[in-house]
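J.: Structure file run15.pdb, PDB, C-alpha atoms, is pasted below:
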```pdb
ATOM      1  CA  MET Z   1      10.927  21.435   8.807
ATOM      2  CA  GLU Z   2      13.479  19.361  10.734
ATOM      3  CA  SER Z   3      11.574  16.127  11.280
ATOM      4  CA  VAL Z   4       8.423  14.328  10.175
ATOM      5  CA  ARG Z   5       6.516  11.175  11.150
ATOM      6  CA  VAL Z   6       8.125   8.030   9.794
ATOM      7  CA  ASP Z   7       4.886   6.668   8.290
ATOM      8  CA  GLN Z   8       4.333   9.979   6.521
ATOM      9  CA  TRP Z   9       7.898  10.010   5.149
ATOM     10  CA  LEU Z  10       7.665   6.404   3.915
ATOM     11  CA  TRP Z  11       4.499   7.278   2.044
ATOM     12  CA  ALA Z  12       5.926  10.565   0.695
ATOM     13  CA  VAL Z  13       9.012   8.887  -0.808
ATOM     14  CA  ARG Z  14       6.790   6.276  -2.473
ATOM     15  CA  LEU Z  15       7.857   3.143  -0.591
ATOM     16  CA  TYR Z  16       4.199   2.418   0.184
ATOM     17  CA  LYS Z  17       1.155   3.237  -1.953
ATOM     18  CA  THR Z  18      -0.897   4.557   0.954
ATOM     19  CA  ARG Z  19      -0.142   6.110   4.286
ATOM     20  CA  VAL Z  20      -2.274   3.437   5.929
ATOM     21  CA  ALA Z  21       0.020   0.771   4.442
ATOM     22  CA  ALA Z  22       3.058   2.620   5.843
ATOM     23  CA  THR Z  23       1.393   2.830   9.262
ATOM     24  CA  GLU Z  24       0.581  -0.892   9.202
ATOM     25  CA  ALA Z  25       4.216  -1.688   8.312
ATOM     26  CA  CYS Z  26       5.368   0.255  11.373
ATOM     27  CA  LYS Z  27       2.856  -1.535  13.592
ATOM     28  CA  ALA Z  28       3.979  -4.905  12.171
ATOM     29  CA  HIS Z  29       7.588  -4.155  13.240
ATOM     30  CA  HIS Z  30       8.876  -3.846   9.662
ATOM     31  CA  VAL Z  31      10.474  -0.416  10.210
ATOM     32  CA  HIS Z  32      13.612   0.457  12.195
ATOM     33  CA  ILE Z  33      15.313   3.843  12.546
ATOM     34  CA  ASN Z  34      19.001   3.728  13.454
ATOM     35  CA  GLY Z  35      18.546   0.120  14.562
ATOM     36  CA  LEU Z  36      15.610   0.803  16.894
ATOM     37  CA  LEU Z  37      12.085  -0.480  16.412
ATOM     38  CA  VAL Z  38       9.696   2.450  15.871
ATOM     39  CA  LYS Z  39       6.028   3.349  16.055
ATOM     40  CA  PRO Z  40       4.235   5.169  13.225
ATOM     41  CA  ALA Z  41       4.440   8.521  15.035
ATOM     42  CA  SER Z  42       8.218   8.339  15.555
ATOM     43  CA  GLN Z  43      10.117  11.213  14.028
ATOM     44  CA  VAL Z  44      12.623  10.828  11.195
ATOM     45  CA  LYS Z  45      15.210  13.519  10.424
ATOM     46  CA  VAL Z  46      18.034  14.104   7.956
ATOM     47  CA  GLY Z  47      20.888  11.654   8.488
ATOM     48  CA  ASP Z  48      18.755   8.863   9.986
ATOM     49  CA  ARG Z  49      19.185   5.335   8.659
ATOM     50  CA  VAL Z  50      15.848   3.623   8.007
ATOM     51  CA  ASN Z  51      15.572  -0.166   7.574
ATOM     52  CA  VAL Z  52      12.225  -1.192   6.120
ATOM     53  CA  TRP Z  53      10.756  -4.415   4.709
ATOM     54  CA  VAL Z  54       8.889  -3.635   1.497
ATOM     55  CA  GLY Z  55       7.276  -6.701  -0.024
ATOM     56  CA  ASP Z  56       9.876  -9.459   0.239
ATOM     57  CA  ARG Z  57      12.902  -7.163   0.266
ATOM     58  CA  ASN Z  58      14.818  -5.373   3.005
ATOM     59  CA  ARG Z  59      15.564  -1.745   2.089
ATOM     60  CA  VAL Z  60      18.288   0.237   3.885
ATOM     61  CA  LEU Z  61      17.807   3.966   3.334
ATOM     62  CA  GLU Z  62      19.574   7.107   4.528
ATOM     63  CA  VAL Z  63      17.356  10.185   4.817
ATOM     64  CA  THR Z  64      18.744  13.174   2.892
ATOM     65  CA  ARG Z  65      15.606  15.334   2.961
ATOM     66  CA  VAL Z  66      12.373  15.140   4.923
ATOM     67  CA  LEU Z  67       9.024  15.328   3.168
ATOM     68  CA  ASP Z  68       5.504  15.539   4.511
ATOM     69  CA  LYS Z  69       3.688  15.527   1.147
ATOM     70  CA  ARG Z  70       3.866  12.919  -1.593
ATOM     71  CA  VAL Z  71       6.026  13.997  -4.532
ATOM     72  CA  GLY Z  72       6.945  12.606  -7.936
ATOM     73  CA  ALA Z  73       9.271   9.634  -8.262
ATOM     74  CA  PRO Z  74      12.343  11.617  -9.442
ATOM     75  CA  GLN Z  75      12.008  14.025  -6.505
ATOM     76  CA  ALA Z  76      11.417  11.171  -4.061
ATOM     77  CA  ALA Z  77      14.632   9.469  -5.198
ATOM     78  CA  GLU Z  78      16.583  12.610  -4.260
ATOM     79  CA  CYS Z  79      15.272  12.460  -0.674
ATOM     80  CA  MET Z  80      17.070   9.235   0.210
ATOM     81  CA  ASN Z  81      20.278   7.311  -0.431
ATOM     82  CA  ASP Z  82      19.672   3.629  -1.001
ATOM     83  CA  HIS Z  83      22.209   1.333   0.709
ATOM     84  CA  SER Z  84      20.135  -1.820   0.161
ATOM     85  CA  PRO Z  85      21.726  -5.096  -0.873
ATOM     86  CA  PRO Z  86      21.101  -5.925  -4.528
ATOM     87  CA  LYS Z  87      17.762  -7.469  -5.404
ATOM     88  CA  PRO Z  88      18.052 -11.260  -5.646
ATOM     89  CA  GLU Z  89      17.661 -12.672  -9.104
ATOM     90  CA  SER Z  90      14.535 -14.701  -9.755
ATOM     91  CA  PRO Z  91      15.147 -18.410 -10.286
ATOM     92  CA  ALA Z  92      15.028 -19.854 -13.766
ATOM     93  CA  VAL Z  93      11.566 -20.788 -14.906
ATOM     94  CA  LEU Z  94      10.946 -24.476 -15.376
ATOM     95  CA  SER Z  95       9.652 -24.869 -18.897
ATOM     96  CA  ARG Z  96       7.797 -27.778 -20.391
ATOM     97  CA  GLU Z  97       7.412 -28.794 -23.991
ATOM     98  CA  HIS Z  98       4.227 -27.645 -25.635
ATOM     99  CA  GLY Z  99       1.721 -30.475 -25.928
ATOM    100  CA  SER Z 100       3.377 -32.706 -23.327
ATOM    101  CA  GLY Z 101       0.200 -32.949 -21.272
ATOM    102  CA  ARG Z 102      -0.517 -32.155 -17.664
ATOM    103  CA  PRO Z 103       2.405 -31.903 -15.256
ATOM    104  CA  THR Z 104       2.907 -34.895 -13.032
ATOM    105  CA  LYS Z 105       2.858 -34.645  -9.277
ATOM    106  CA  ARG Z 106       6.660 -34.606  -9.290
ATOM    107  CA  ASP Z 107       6.732 -31.794 -11.881
ATOM    108  CA  ARG Z 108       4.282 -29.769  -9.816
ATOM    109  CA  ARG Z 109       6.375 -30.182  -6.667
ATOM    110  CA  ASP Z 110       9.492 -29.093  -8.580
ATOM    111  CA  LEU Z 111       7.631 -26.008  -9.750
ATOM    112  CA  ASP Z 112       6.490 -25.204  -6.208
ATOM    113  CA  ARG Z 113      10.053 -25.584  -4.901
ATOM    114  CA  MET Z 114      11.323 -23.114  -7.501
ATOM    115  CA  ARG Z 115       8.664 -20.534  -6.630
ATOM    116  CA  TRP Z 116       9.508 -20.517  -2.939
TER     117      TRP Z 116
END
```
Could you spell out this file's structure in structure tokens?
T.:
Amino acid sequence: MESVRVDQWLWAVRLYKTRVAATEACKAHHVHINGLLVKPASQVKVGDRVNVWVGDRNRVLEVTRVLDKRVGAPQAAECMNDHSPPKPESPAVLSREHGSGRPTKRDRRDLDRMRW
């Protein structure tokens, strides 16, 4: 097998839980192959560079082996080289003293700013 559908490959290497979710990501313009926007039926082959938004993170992957069936996580990791930038660290959690009462409006806004 030389090539496979991009939505099928994304599902097979466990980037999305379902093939429907992979298809929806392609339709929402979250998937690029070699810098070009693709449809779910576009073919992916060995050596292609796939940029995909998964959750809130941009993943840059190089295809080393094509799959059409879902495999285990260790085998899926062998089918791609990950060139993604490192995952951003989560901000420090704003902590409050136990028993200090409800947060004020200002405290709540500070918490919201840290979450986003």
J.: Using all atoms listed in the file, which residue out of Z:Arg106, Z:Pro85, Z:Leu111, Z:Ala21 lies closest to Gly55 of chain Z?
T.: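 Between Z:Arg106, Z:Pro85, Z:Leu111, Z:Ala21, the residue approaching Gly55 of chain Z most closely is Z:Ala21.
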J.: From the list Z:Val31, Z:Leu10, Z:Val54, Z:Val46, which residue is nearest Lys87 of chain Z when using all atoms listed in the file?
T.: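 Checking each of Z:Val31, Z:Leu10, Z:Val54, Z:Val46 against Lys87 of chain Z, counting all atoms listed in the file, the winner is Z:Val54.
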J.: Please determine, counting only C-alpha atoms, which residue among Z:Arg5, Z:Arg96, Z:Arg14, Z:Lys27 has the shortest atom-to-atom distance to Gln75 of chain Z.
T.: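 Of Z:Arg5, Z:Arg96, Z:Arg14, Z:Lys27, the one nearest Gln75 of chain Z is Z:Arg14, counting only C-alpha atoms.
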J.: In Å to one decimal, how far is atom CA of Val60 of chain Z from atom CA of Ala73 of chain Z?
T.: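 Atom-to-atom, atom CA of Ala73 of chain Z and atom CA of Val60 of chain Z are spaced 17.8 Å apart.
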J.: Taking only C-alpha atoms into account, which of Z:Thr64, Z:Ser84, Z:Ser3, Z:Thr23 comes nearest Asn51 of chain Z?
T.: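 Residue with the minimum atom-to-atom distance to Asn51 of chain Z: Z:Ser84.
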J.: Mind telling me what the PyMOL selection byres ((chain Z and resi 56) around 12) catches here, as a ChimeraX atom specification?
T.: /Z:30,52-55,57-59,87-88,116
J.: Could you tell me, as a PyMOL selection string, exactly which residues end up selected when the PyMOL selection byres ((chain Z and resi 4) around 9) is applied to this structure?
T.: chain Z and resi 1-3+5-9+41-45+66-68
J.: Rounded to one decimal in Å, what is the spacing between atom CA of Leu61 of chain Z and atom CA of Trp11 of chain Z?
T.: 13.8 Å
J.: How many Å separate atom CA of Leu37 of chain Z from atom CA of Cys79 of chain Z?
T.: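 Atom CA of Leu37 of chain Z sits 21.7 Å away from atom CA of Cys79 of chain Z.
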J.: Residues picked by the PyMOL selection byres ((chain Z and resi 80) around 8) here, as a VMD selection string?
T.: chain Z and resid 61 to 65 76 to 79 81 to 82
